[in-house]
file data00.txt (compact mmCIF, C-alpha atoms)
# COMPACT_ATOMS: atom_id res chain seq x y z
CA MET A 1 0.00 0.00 0.00
CA PRO A 2 1.66 3.26 -1.05
CA SER A 3 1.98 5.73 1.78
CA SER A 4 2.42 8.74 -0.44
CA GLU A 5 2.23 9.16 -4.16
CA SER A 6 3.18 11.68 -6.78
CA LEU A 7 0.34 13.12 -8.73
CA GLY A 8 1.05 13.18 -12.42
CA THR A 9 3.53 15.74 -13.63
CA ALA A 10 2.76 18.56 -11.21
CA GLU A 11 4.94 19.28 -8.18
CA PRO A 12 4.24 17.12 -5.16
CA LEU A 13 1.48 18.27 -2.85
CA ARG A 14 2.39 19.67 0.52
CA VAL A 15 -0.08 17.36 2.15
CA SER A 16 0.68 14.10 3.85
CA ILE A 17 -1.93 11.38 3.81
CA LEU A 18 -1.41 8.64 6.36
CA THR A 19 -3.35 5.48 6.97
CA GLN A 20 -4.45 4.76 10.48
CA GLY A 21 -6.46 1.54 10.59
CA PRO A 22 -9.71 2.18 8.76
CA TYR A 23 -9.11 5.92 8.66
CA LEU A 24 -7.14 8.30 6.50
CA ILE A 25 -5.35 11.22 8.14
CA ALA A 26 -4.52 14.13 5.87
CA SER A 27 -2.53 17.01 7.20
CA ILE A 28 -2.10 20.12 5.14
CA HIS A 29 1.33 21.65 5.69
CA THR A 30 1.03 24.97 3.91
CA ALA A 31 -1.66 26.98 2.23
CA LEU A 32 -2.80 25.26 -0.98
CA ASP A 33 -3.83 27.09 -4.11
CA ASP A 34 -7.03 26.20 -5.91
CA GLU A 35 -5.38 23.75 -8.29
CA GLN A 36 -3.57 21.95 -5.47
CA LEU A 37 -6.78 21.77 -3.43
CA THR A 38 -8.57 20.12 -6.32
CA ARG A 39 -5.77 17.61 -6.72
CA PHE A 40 -5.81 16.93 -2.99
CA GLN A 41 -9.55 16.32 -3.12
CA ARG A 42 -9.27 13.87 -6.02
CA ASN A 43 -6.34 12.07 -4.48
CA LEU A 44 -8.08 11.60 -1.16
CA ILE A 45 -11.36 10.38 -2.65
CA ASP A 46 -9.38 7.98 -4.78
CA ARG A 47 -7.74 6.48 -1.72
CA VAL A 48 -10.99 6.22 0.20
CA GLY A 49 -12.22 3.72 -2.38
CA ARG A 50 -8.94 1.92 -2.84
CA GLN A 51 -8.29 1.42 0.86
CA ARG A 52 -11.91 0.95 1.83
CA SER A 53 -11.55 3.69 4.42
CA ARG A 54 -14.34 4.38 6.86
CA GLY A 55 -13.34 7.89 7.74
CA ILE A 56 -11.12 10.86 6.93
CA VAL A 57 -9.50 13.35 9.29
CA ILE A 58 -8.26 16.54 7.65
CA ASP A 59 -5.93 18.61 9.81
CA VAL A 60 -5.96 22.29 8.86
CA SER A 61 -4.21 23.67 11.96
CA THR A 62 -1.41 25.21 9.93
CA LEU A 63 -3.79 27.23 7.80
CA ASP A 64 -4.45 30.81 8.85
CA VAL A 65 -7.10 31.34 6.24
CA LEU A 66 -9.80 29.19 4.72
CA ASP A 67 -11.53 30.93 1.83
CA SER A 68 -14.77 30.17 0.02
CA PHE A 69 -13.08 27.91 -2.51
CA GLY A 70 -11.31 25.96 0.18
CA THR A 71 -14.50 25.58 2.18
CA ARG A 72 -16.43 24.41 -0.86
CA THR A 73 -13.73 21.94 -1.82
CA LEU A 74 -13.80 20.46 1.66
CA THR A 75 -17.60 20.29 1.65
CA ASP A 76 -17.59 18.60 -1.76
CA LEU A 77 -14.89 16.25 -0.60
CA ALA A 78 -16.93 15.25 2.44
CA GLN A 79 -19.98 14.67 0.28
CA MET A 80 -18.05 12.51 -2.18
CA ALA A 81 -16.40 10.62 0.65
CA ARG A 82 -19.80 9.90 2.15
CA LEU A 83 -20.98 8.56 -1.22
CA ARG A 84 -18.02 6.20 -1.12
CA GLY A 85 -18.69 5.19 2.46
CA ALA A 86 -16.48 7.43 4.59
CA GLU A 87 -17.24 10.23 7.05
CA THR A 88 -15.10 13.38 7.18
CA VAL A 89 -13.88 15.30 10.21
CA ILE A 90 -12.01 18.58 9.91
CA VAL A 91 -9.74 19.30 12.85
CA GLY A 92 -7.55 22.15 13.99
CA ILE A 93 -9.52 25.16 12.82
CA ASN A 94 -7.92 28.13 14.59
CA PRO A 95 -10.01 30.67 16.51
CA GLU A 96 -9.15 33.37 13.96
CA VAL A 97 -10.08 31.13 11.04
CA ALA A 98 -13.32 30.14 12.75
CA ILE A 99 -14.30 33.77 13.29
CA ALA A 100 -13.44 34.69 9.71
CA MET A 101 -15.44 31.75 8.38
CA VAL A 102 -18.61 32.60 10.28
CA GLN A 103 -18.28 36.25 9.37
CA LEU A 104 -18.06 35.33 5.71
CA SER A 105 -20.97 32.89 6.23
CA LEU A 106 -18.87 30.02 4.95
CA GLU A 107 -20.53 26.81 6.00
CA VAL A 108 -19.09 23.37 5.96
CA SER A 109 -21.90 20.90 5.62
CA PHE A 110 -21.57 17.09 5.55
CA VAL A 111 -18.49 17.65 7.65
CA HIS A 112 -17.86 17.03 11.33
CA THR A 113 -15.47 19.30 13.16
CA ALA A 114 -13.26 18.58 16.14
CA LEU A 115 -10.58 20.35 18.09
CA ASP A 116 -7.57 18.27 17.12
CA LEU A 117 -6.45 14.96 15.67
CA GLU A 118 -7.18 12.98 18.81
CA GLU A 119 -10.67 14.39 19.10
CA GLY A 120 -11.19 13.89 15.40
CA LEU A 121 -10.38 10.19 15.57
CA ALA A 122 -12.69 9.79 18.58
CA ARG A 123 -15.41 11.58 16.66
CA LEU A 124 -14.96 9.29 13.67
CA ALA A 125 -15.22 6.23 15.90
CA GLU A 126 -18.43 7.72 17.26
CA VAL A 127 -20.06 8.48 13.92
CA THR A 128 -18.97 5.31 12.18
CA GLY A 129 -20.03 3.20 15.16
CA ASP A 130 -16.61 1.65 15.22
CA ILE A 131 -16.02 0.80 18.85
CA HIS A 132 -13.02 -1.34 18.02
CA GLY A 133 -11.25 1.45 16.29
CA ILE A 134 -7.94 2.47 17.78
CA ALA A 135 -9.15 6.00 18.41
CA ALA A 136 -12.21 4.91 20.35
CA HIS A 137 -10.12 2.56 22.40
CA HIS A 138 -7.66 5.31 23.04
CA THR A 139 -10.01 8.01 24.29
CA ALA A 140 -13.15 6.42 25.66
CA PRO A 141 -12.00 5.36 29.17
CA ASP A 142 -10.70 8.87 29.73
CA GLN A 143 -12.98 9.71 32.64
CA MET B 1 -14.59 82.88 36.43
CA THR B 2 -15.80 84.91 33.49
CA GLU B 3 -12.41 86.01 32.24
CA THR B 4 -11.41 84.17 29.13
CA PRO B 5 -7.77 83.62 28.29
CA ARG B 6 -6.67 85.81 25.43
CA LYS B 7 -4.64 83.12 23.85
CA LEU B 8 -3.87 79.62 24.82
CA GLY B 9 -0.26 78.65 24.55
CA THR B 10 2.52 80.79 23.20
CA THR B 11 5.34 80.24 20.85
CA ASP B 12 8.85 80.16 22.19
CA GLU B 13 9.75 83.47 20.51
CA GLU B 14 7.06 85.30 22.40
CA TRP B 15 8.34 83.75 25.56
CA ALA B 16 11.89 84.90 24.87
CA GLY B 17 10.77 88.37 23.78
CA ASN B 18 9.16 89.06 27.13
CA GLY B 19 12.05 87.54 28.99
CA GLU B 20 13.57 90.63 30.57
CA LEU B 21 10.58 91.51 32.73
CA LEU B 22 9.98 88.01 34.03
CA PRO B 23 12.79 87.93 36.62
CA GLU B 24 11.34 91.03 38.24
CA LEU B 25 7.93 89.44 38.19
CA VAL B 26 9.21 86.24 39.73
CA ALA B 27 10.96 88.15 42.49
CA HIS B 28 7.73 89.96 43.27
CA LEU B 29 5.78 86.69 43.46
CA ARG B 30 8.42 85.10 45.69
CA GLU B 31 8.37 88.07 48.04
CA ASN B 32 4.62 88.00 48.47
CA ARG B 33 4.35 84.24 48.50
CA THR B 34 2.61 83.89 51.87
CA ALA B 35 0.01 86.56 51.31
CA LEU B 36 -0.83 85.63 47.72
CA ARG B 37 -1.00 81.95 48.48
CA GLN B 38 -3.34 82.61 51.38
CA GLU B 39 -5.52 84.84 49.26
CA TRP B 40 -5.70 82.20 46.57
CA ALA B 41 -6.62 79.41 49.00
CA THR B 42 -9.35 81.63 50.47
CA ARG B 43 -10.77 82.36 47.05
CA ILE B 44 -10.76 78.67 46.17
CA THR B 45 -12.83 77.95 49.26
CA ASP B 46 -15.14 80.92 48.58
CA ALA B 47 -15.79 79.68 45.06
CA HIS B 48 -16.67 76.22 46.46
CA LEU B 49 -14.01 74.61 44.33
CA LEU B 50 -12.30 71.40 45.46
CA SER B 51 -15.14 70.87 47.92
CA SER B 52 -14.18 67.21 48.26
CA MET B 53 -10.88 68.16 49.88
CA THR B 54 -10.25 69.58 53.36
CA ALA B 55 -9.05 73.16 53.82
CA LYS B 56 -5.68 71.88 54.95
CA GLU B 57 -5.27 69.72 51.86
CA VAL B 58 -6.33 72.59 49.62
CA PHE B 59 -3.74 74.81 51.26
CA SER B 60 -0.94 72.29 50.88
CA GLU B 61 -1.77 71.60 47.22
CA ALA B 62 -2.10 75.35 46.69
CA THR B 63 1.41 75.79 48.03
CA SER B 64 2.86 73.23 45.65
CA VAL B 65 0.97 74.61 42.69
CA TYR B 66 2.03 78.15 43.57
CA ASP B 67 5.70 77.20 43.78
CA ASN B 68 5.50 75.25 40.57
CA TYR B 69 3.73 78.15 38.94
CA VAL B 70 6.46 80.61 39.90
CA GLU B 71 9.10 78.16 38.79
CA VAL B 72 7.54 77.85 35.35
CA LEU B 73 7.43 81.65 35.06
CA GLU B 74 11.11 81.72 35.95
CA THR B 75 12.45 78.90 33.81
CA GLY B 76 9.91 78.87 30.99
CA SER B 77 9.95 75.09 31.11
CA VAL B 78 6.59 73.43 31.71
CA GLU B 79 8.03 69.95 32.01
CA ALA B 80 8.25 69.89 35.79
CA LEU B 81 4.78 71.39 36.03
CA GLN B 82 3.42 68.81 33.60
CA HIS B 83 4.87 66.10 35.77
CA TYR B 84 3.44 67.64 38.90
CA ALA B 85 0.03 68.16 37.29
CA ARG B 86 -0.15 64.53 36.27
CA ASP B 87 0.82 63.52 39.77
CA LEU B 88 -1.76 65.85 41.28
CA SER B 89 -4.44 64.54 38.92
CA GLU B 90 -3.63 61.00 39.91
CA ARG B 91 -4.21 61.92 43.53
CA ILE B 92 -7.37 63.98 43.16
CA ILE B 93 -9.26 62.12 40.40
CA PRO B 94 -10.24 59.24 42.68
CA ARG B 95 -11.67 61.84 45.08
CA GLY B 96 -14.10 63.06 42.47
CA VAL B 97 -12.50 66.37 41.51
CA GLU B 98 -14.00 67.62 38.27
CA THR B 99 -12.29 69.20 35.28
CA HIS B 100 -14.02 72.53 35.82
CA GLU B 101 -12.63 72.71 39.35
CA VAL B 102 -9.06 72.20 38.22
CA VAL B 103 -9.38 74.74 35.43
CA GLY B 104 -11.15 77.03 37.88
CA ILE B 105 -8.39 77.03 40.48
CA VAL B 106 -5.65 77.64 37.94
CA LEU B 107 -7.58 80.55 36.46
CA LEU B 108 -8.17 81.86 39.99
CA LEU B 109 -4.44 81.83 40.68
CA ARG B 110 -3.86 83.62 37.41
CA ASP B 111 -6.38 86.21 38.47
CA VAL B 112 -4.95 86.60 41.99
CA LEU B 113 -1.46 87.12 40.63
CA ALA B 114 -2.63 89.51 37.92
CA ARG B 115 -4.40 91.63 40.53
CA SER B 116 -1.29 91.79 42.65
CA LEU B 117 0.72 92.92 39.63
CA PHE B 118 -1.92 95.52 38.90
CA GLU B 119 -1.68 96.80 42.41
CA LYS B 120 2.09 96.98 42.28
CA TYR B 121 2.40 98.67 38.90
CA HIS B 122 -0.81 100.67 38.64
CA ARG B 123 1.02 103.96 38.85
CA ASP B 124 3.00 103.31 35.71
CA PHE B 125 0.49 102.29 33.10
CA SER B 126 2.95 101.48 30.28
CA LEU B 127 5.12 99.39 32.60
CA LEU B 128 2.01 97.56 33.80
CA ASN B 129 1.15 96.86 30.20
CA ARG B 130 4.54 95.38 29.51
CA VAL B 131 4.48 93.35 32.70
CA LEU B 132 1.11 91.93 31.73
CA ASP B 133 2.42 91.23 28.22
CA ALA B 134 5.11 89.11 29.79
CA TYR B 135 2.86 87.53 32.37
CA GLU B 136 -0.25 86.65 30.39
CA PRO B 137 1.22 84.27 27.79
CA ALA B 138 3.14 82.44 30.46
CA ALA B 139 0.09 82.21 32.68
CA ASN B 140 -2.02 80.98 29.78
CA ARG B 141 0.54 78.38 28.99
CA ILE B 142 0.48 77.19 32.57
CA ALA B 143 -3.32 77.03 32.70
CA ASN B 144 -3.28 75.11 29.48
CA THR B 145 -0.68 72.64 30.70
CA VAL B 146 -2.48 71.89 33.94
CA ALA B 147 -5.87 71.46 32.28
CA VAL B 148 -4.48 69.23 29.53
CA SER B 149 -2.56 67.10 32.03
CA PHE B 150 -5.67 66.68 34.12
CA VAL B 151 -7.84 65.67 31.18
CA GLU B 152 -5.18 63.30 29.85
CA GLU B 153 -4.88 61.63 33.22
CA ARG B 154 -8.64 61.29 33.43
CA GLU B 155 -8.81 59.75 30.00
CA ARG B 156 -6.07 57.35 30.93
CA VAL B 157 -7.99 56.27 34.01
CA ILE B 158 -11.18 55.84 31.98
CA ARG B 159 -9.41 53.77 29.36
CA GLN B 160 -7.85 51.61 32.04
CA GLN B 161 -11.21 51.05 33.69
CA GLN B 162 -12.85 50.23 30.36
CA ASP B 163 -10.21 47.61 29.69
CA ALA B 164 -10.66 46.18 33.15
CA ILE B 165 -14.43 45.99 32.76
CA LEU B 166 -14.11 44.32 29.38
CA GLU B 167 -11.63 41.85 30.74
CA LEU B 168 -13.70 41.04 33.81
CA SER B 169 -17.06 40.93 32.17
CA THR B 170 -16.56 37.77 30.16
CA PRO B 171 -15.00 35.07 32.28
CA VAL B 172 -14.66 31.67 30.66
CA LEU B 173 -14.85 29.09 33.42
CA GLN B 174 -14.25 25.39 33.39
CA VAL B 175 -16.73 23.53 35.61
CA ARG B 176 -15.89 19.99 34.56
CA GLU B 177 -13.35 18.45 32.30
CA ARG B 178 -14.25 19.50 28.78
CA LEU B 179 -17.13 21.69 29.99
CA LEU B 180 -16.94 25.49 30.04
CA ILE B 181 -19.48 27.99 31.25
CA LEU B 182 -19.67 31.58 30.15
CA PRO B 183 -22.01 33.66 32.28
CA ILE B 184 -22.75 36.94 30.53
CA ILE B 185 -23.98 39.77 32.71
CA GLY B 186 -24.92 43.23 31.55
CA VAL B 187 -25.53 44.87 28.25
CA LEU B 188 -24.01 43.16 25.23
CA ASP B 189 -22.84 45.45 22.51
CA THR B 190 -21.19 44.49 19.26
CA GLN B 191 -17.68 45.10 20.54
CA ARG B 192 -18.23 43.05 23.68
CA ALA B 193 -19.90 40.29 21.71
CA ARG B 194 -16.90 40.10 19.40
CA GLN B 195 -14.48 40.06 22.29
CA LEU B 196 -16.55 37.38 23.97
CA THR B 197 -16.36 35.20 20.88
CA GLU B 198 -12.60 35.54 20.72
CA GLN B 199 -12.20 34.74 24.40
CA LEU B 200 -14.50 31.75 24.18
CA LEU B 201 -12.70 30.29 21.17
CA ARG B 202 -9.37 30.68 22.92
CA GLY B 203 -10.88 29.05 26.00
CA ILE B 204 -12.13 26.14 23.91
CA ARG B 205 -8.67 25.56 22.57
CA ASP B 206 -6.89 25.96 25.90
CA HIS B 207 -9.29 23.78 27.91
CA ARG B 208 -9.99 21.35 25.07
CA ALA B 209 -13.67 21.92 25.67
CA LYS B 210 -16.36 19.87 23.99
CA VAL B 211 -19.41 21.58 25.42
CA VAL B 212 -19.90 25.23 26.33
CA VAL B 213 -22.86 26.60 28.27
CA ILE B 214 -23.46 30.30 27.62
CA ASP B 215 -25.80 31.75 30.22
CA ILE B 216 -27.46 35.00 29.23
CA THR B 217 -29.81 35.37 32.19
CA GLY B 218 -28.05 38.63 33.06
CA VAL B 219 -28.45 40.14 29.60
CA PRO B 220 -31.45 42.49 29.56
CA ASP B 221 -31.67 43.13 25.86
CA VAL B 222 -29.98 42.40 22.57
CA ASP B 223 -30.18 44.05 19.20
CA GLU B 224 -30.07 42.38 15.84
CA GLY B 225 -26.32 42.74 15.43
CA VAL B 226 -25.60 41.17 18.78
CA ALA B 227 -28.07 38.33 18.21
CA ASN B 228 -26.33 37.58 14.94
CA SER B 229 -22.92 37.60 16.54
CA LEU B 230 -24.23 35.21 19.20
CA VAL B 231 -25.23 32.87 16.39
CA GLN B 232 -21.77 33.32 14.88
CA THR B 233 -20.25 32.42 18.23
CA VAL B 234 -22.20 29.18 18.19
CA ASP B 235 -21.11 28.42 14.62
CA ALA B 236 -17.47 29.27 15.24
CA SER B 237 -17.41 27.09 18.36
CA ARG B 238 -18.80 24.21 16.37
CA LEU B 239 -16.03 24.67 13.81
CA MET B 240 -13.61 24.16 16.67
CA GLY B 241 -15.40 21.02 17.72
CA ALA B 242 -17.37 22.37 20.67
CA GLU B 243 -21.12 22.36 21.05
CA VAL B 244 -22.77 25.43 22.55
CA ILE B 245 -25.82 25.34 24.80
CA ILE B 246 -27.45 28.69 25.48
CA THR B 247 -29.39 29.08 28.70
CA GLY B 248 -31.46 31.75 30.39
CA LEU B 249 -33.07 33.34 27.37
CA SER B 250 -35.50 36.00 28.54
CA SER B 251 -38.82 36.37 26.79
CA THR B 252 -37.59 39.61 25.22
CA ILE B 253 -34.55 37.95 23.75
CA ALA B 254 -36.54 34.93 22.60
CA GLN B 255 -38.88 37.32 20.81
CA ILE B 256 -35.99 39.14 19.14
CA LEU B 257 -34.39 35.88 17.99
CA VAL B 258 -37.63 34.74 16.42
CA THR B 259 -38.32 38.14 14.87
CA ILE B 260 -34.96 38.40 13.13
CA GLY B 261 -35.30 34.82 11.93
CA VAL B 262 -32.29 33.17 13.51
CA ASP B 263 -31.90 29.61 12.34
CA LEU B 264 -33.03 27.97 15.56
CA ASN B 265 -32.07 24.48 14.42
CA LYS B 266 -28.47 25.45 14.86
CA MET B 267 -28.94 26.77 18.37
CA ARG B 268 -29.44 24.52 21.34
CA THR B 269 -31.15 26.22 24.21
CA VAL B 270 -32.11 25.06 27.68
CA GLY B 271 -34.26 27.02 30.11
CA ASP B 272 -31.81 27.79 32.87
CA LEU B 273 -28.15 27.37 33.77
CA GLN B 274 -28.77 24.30 35.91
CA GLY B 275 -30.61 22.59 33.08
CA GLY B 276 -27.83 23.57 30.69
CA ILE B 277 -25.11 22.11 32.87
CA GLU B 278 -27.11 18.92 33.41
CA GLU B 279 -27.61 18.57 29.67
CA ALA B 280 -23.91 19.16 29.04
CA GLU B 281 -22.93 16.58 31.65
CA ARG B 282 -25.22 14.06 30.05
CA GLN B 283 -23.60 14.72 26.73
CA LEU B 284 -20.11 14.33 28.14
CA GLY B 285 -21.02 11.12 29.93
CA PHE B 286 -20.91 12.46 33.47
CA LYS B 287 -23.40 11.09 35.92
CA VAL B 288 -23.97 13.07 39.07
CA THR B 289 -25.57 11.18 41.94
CA ARG B 290 -26.28 12.30 45.46
CA HIS B 291 -24.13 10.44 47.94
CA HIS B 292 -26.81 8.72 50.03
CA ASP B 293 -28.93 7.92 46.97
CA ALA B 294 -26.02 5.98 45.53
CA GLN B 295 -25.74 3.87 48.66
CA LEU B 296 -29.36 2.75 48.59
call {"tool": "encode", "arguments": {"input": "data00.txt", "output": "structure tokens"}}
result
Amino acid sequence: MPSSESLGTAEPLRVSILTQGPYLIASIHTALDDEQLTRFQRNLIDRVGRQRSRGIVIDVSTLDVLDSFGTRTLTDLAQMARLRGAETVIVGINPEVAIAMVQLSLEVSFVHTALDLEEGLARLAEVTGDIHGIAAHHTAPDQ
Amino acid sequence: MTETPRKLGTTDEEWAGNGELLPELVAHLRENRTALRQEWATRITDAHLLSSMTAKEVFSEATSVYDNYVEVLETGSVEALQHYARDLSERIIPRGVETHEVVGIVLLLRDVLARSLFEKYHRDFSLLNRVLDAYEPAANRIANTVAVSFVEERERVIRQQQDAILELSTPVLQVRERLLILPIIGVLDTQRARQLTEQLLRGIRDHRAKVVVIDITGVPDVDEGVANSLVQTVDASRLMGAEVIITGLSSTIAQILVTIGVDLNKMRTVGDLQGGIEEAERQLGFKVTRHHDAQL
């Protein structure tokens, strides 16, 4: 199973996509332009089917802006992922980004949100009903 | 005080041009220090200025101001006076001294001194004129300095208090692991609502909160802008993975929310703070039981 792959002729994406059991974890390292976002979306959806993933966590904590195109791409991605059998959680939205997004009335539908990666994995375990998942096992007996 | 200053502030050239008469003036004021100071203090009391201070305090401040005043006339430098005026303001503002009182006493001193000059030089009218030419700009400059220092100090205090109120008025408190409460008391305006959102989001990140209860029992009224920013707060919190429960909505606020057509599906509300916390605990998996009930 390839852990990262080059995408055609274009420069490699600054996104790492890791496999964690039935989930895919994508962390975005730097701001992506529209073309890169589209490639990222296609790449991720491709892998959801190939690896039979149940869920996706997208970590955007390094981003200090999320514009309308980015929001729409993520929403579309979540919708496509759901059609292929995976739920999507976006984690690591900064306070400033969150404020900007609500002020611009950017909505992310079909998407769950969580504070960070750990929370995101727990959330996925919750929504996919996967109690055996590593994330659920890791966080549930917390109290 | 009906006399209006002829001009406020003077350029340095004017100051220098009238320089030769000032030493004589200063000597005169030094000589008659006791009498003039006493006269001034009496007139302050007669005019019911500085009524929040005792006669003794007025006299001691009057002495310092008098000496500073003469010093400024002598050196032409208002820096020391500025410093003193700020210091004085710091002391008397908490006691409720008003701007008009401070301006009033400085103008009174100006008047007292002018009268004494008039008395001394009234036989030689042209000399009196020149003395007043030297005295007036300097006196105006002093009055100006004191008044400006006082107002600046007051503004500084007001700004400081505003910051303190803003800071205090929106505490973000953790009541259980992953559960924050945000009791809002007092009028919400747009600025406070924005600040509240920022503080809450930071709190969510720092405490890793999953549920937030915002209690608005203490908010008498909201306008459309504030209601919208409350909705934005809820949305932004959700983006950071925290669910918001709003409690204590008054009938007025409920009416406003319905009137402006807030999407109520997105807002979870519970009647009061207790209900909100209970709901949040349920959601987080806490179970609170009374001690002796558990034993049964």
call {"tool": "interface_residues", "arguments": {"input": "data00.txt", "of": "chain A", "to": "chain B", "cutoff": "7 Å", "atoms": "all atoms listed in the file", "output": "list in words"}}
result
Gly92, Ile93, Pro95, Ala98, Ile99, Val102, Thr113, Ala114 and Leu115 of chain A
call {"tool": "atom_distance", "arguments": {"input": "data00.txt", "atom1": "atom CA of A:Asp64", "atom2": "atom CA of B:His207"}}
result
20.9 Å
call {"tool": "closest_residue", "arguments": {"input": "data00.txt", "among": "A:Leu18, A:Leu117, A:Leu24, A:Val108", "to": "A:Thr75", "atoms": "only C-alpha atoms"}}
result
A:Val108
